[in-house]
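Trainee: Below is one structure. I have some questions about it.
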Amino acid sequence: MKIYTQVQKNKFNTYVGVVLVGDKDQIYMMNGNQLQTNNELSAHLYGIKRALSFVKFNKPLHANNDIEYYTSIKDENILELKSLINKDEYINRFLSEKNIQLNIEKSKTDFDNQMNLIAQHQIKFYNNTFRGIER
């Protein structure tokens, strides 16, 4: 299974776009969320947890292999993100229950680049949606 996250910050909020892809390269979830934090790493962590909660509660058929996590963060922040992942109780419990590992990867193929683009589009779609304002 693969998880892709993209983060965009503005003055007050942070937006995270998440794409969850199964073992056979089928998209299970695309989502965009607005967060009340300005920390980019915690936004990526939220995206990972959102994808794992989808797997936990919906039990997709082809989401049983090790997790490949693709992100756009800089190389100097990867170690800090790994330490946040190792300290997070929800992620560690999920990984131990499924007996799988989470590996942080760099985008290698055109498919990975396309999924990162879809995650970025989830942020843009979330920002531009109609929010229920009546006139």
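Ordering of the structure tokens sets the chain letters (A, B, ...), residue numbers begin anew at 1 in every chain, and ligands are numbered from 1 in the order given.
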What lies within 7 Å of stretch 5-13 of chain A using only C-alpha atoms, ignoring chain neighbours under 5 positions off, as a list in words?
Mentor: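 Here the answer would be Val18, Val19, Gln34, Leu35, Gln36, Thr37, Asn38, Glu40, Ala43, His44, Gly47, Tyr70, Thr71, Ser72, Asn116, Ala119 and Gln120 of chain A.
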Trainee: Please report, as a tab-separated table, each residue of stretch 38-76 of chain A lying at most 10 Å from stretch 97-113 of chain A, together with the nearest pair of atoms and the separation in Å rounded to one decimal; use only C-alpha atoms, and order rows by chain and ascending residue number.
Mentor:
```
residue	atom	partner	partner_atom	distance
A:Lys56	CA	A:Lys98	CA	9.6
A:Asn64	CA	A:Lys98	CA	7.6
A:Asn65	CA	A:Ile100	CA	6.7
A:Asp66	CA	A:Ile100	CA	5.0
A:Ile67	CA	A:Leu102	CA	4.6
A:Glu68	CA	A:Asn103	CA	5.1
A:Tyr69	CA	A:Ile104	CA	4.7
A:Tyr70	CA	A:Glu105	CA	5.2
A:Thr71	CA	A:Lys106	CA	7.0
A:Ser72	CA	A:Lys106	CA	8.0
A:Ile73	CA	A:Lys106	CA	9.7
A:Asp75	CA	A:Lys106	CA	9.8
```
Trainee: From a backbone DSSP assignment, name each residue in stretch 9-121 of chain A labelled strand (DSSP E or B), as number ranges by chain.
Mentor: A: 9, 14-21, 27-35, 67-71, 102-105
Trainee: Between A:Met30, A:Leu84, A:Ala63, A:Val21, which is the closest to A:Tyr46 once you count only C-alpha atoms?
Mentor: A:Leu84
Trainee: One number please: atom CA of A:Gln122 to atom CA of A:Met29, in Å, one decimal.
Mentor: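 Going from atom CA of A:Gln122 over to atom CA of A:Met29, I get 10.8 Å.
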Trainee: Any idea what the distance is between atom CA of A:Leu79 and atom CA of A:Ser53?
Mentor: 23.6 Å
Trainee: Work out how far atom CA of A:Asn39 is from atom CA of A:Ile78, in Å to one decimal.
Mentor: 14.0 Å
Trainee: Among stretch 5-135 of chain A, which residues carry a DSSP assignment of helix (DSSP H, G or I), reported as a PyMOL selection string?
Mentor: chain A and resi 40-58+75-87+89-98+110-128
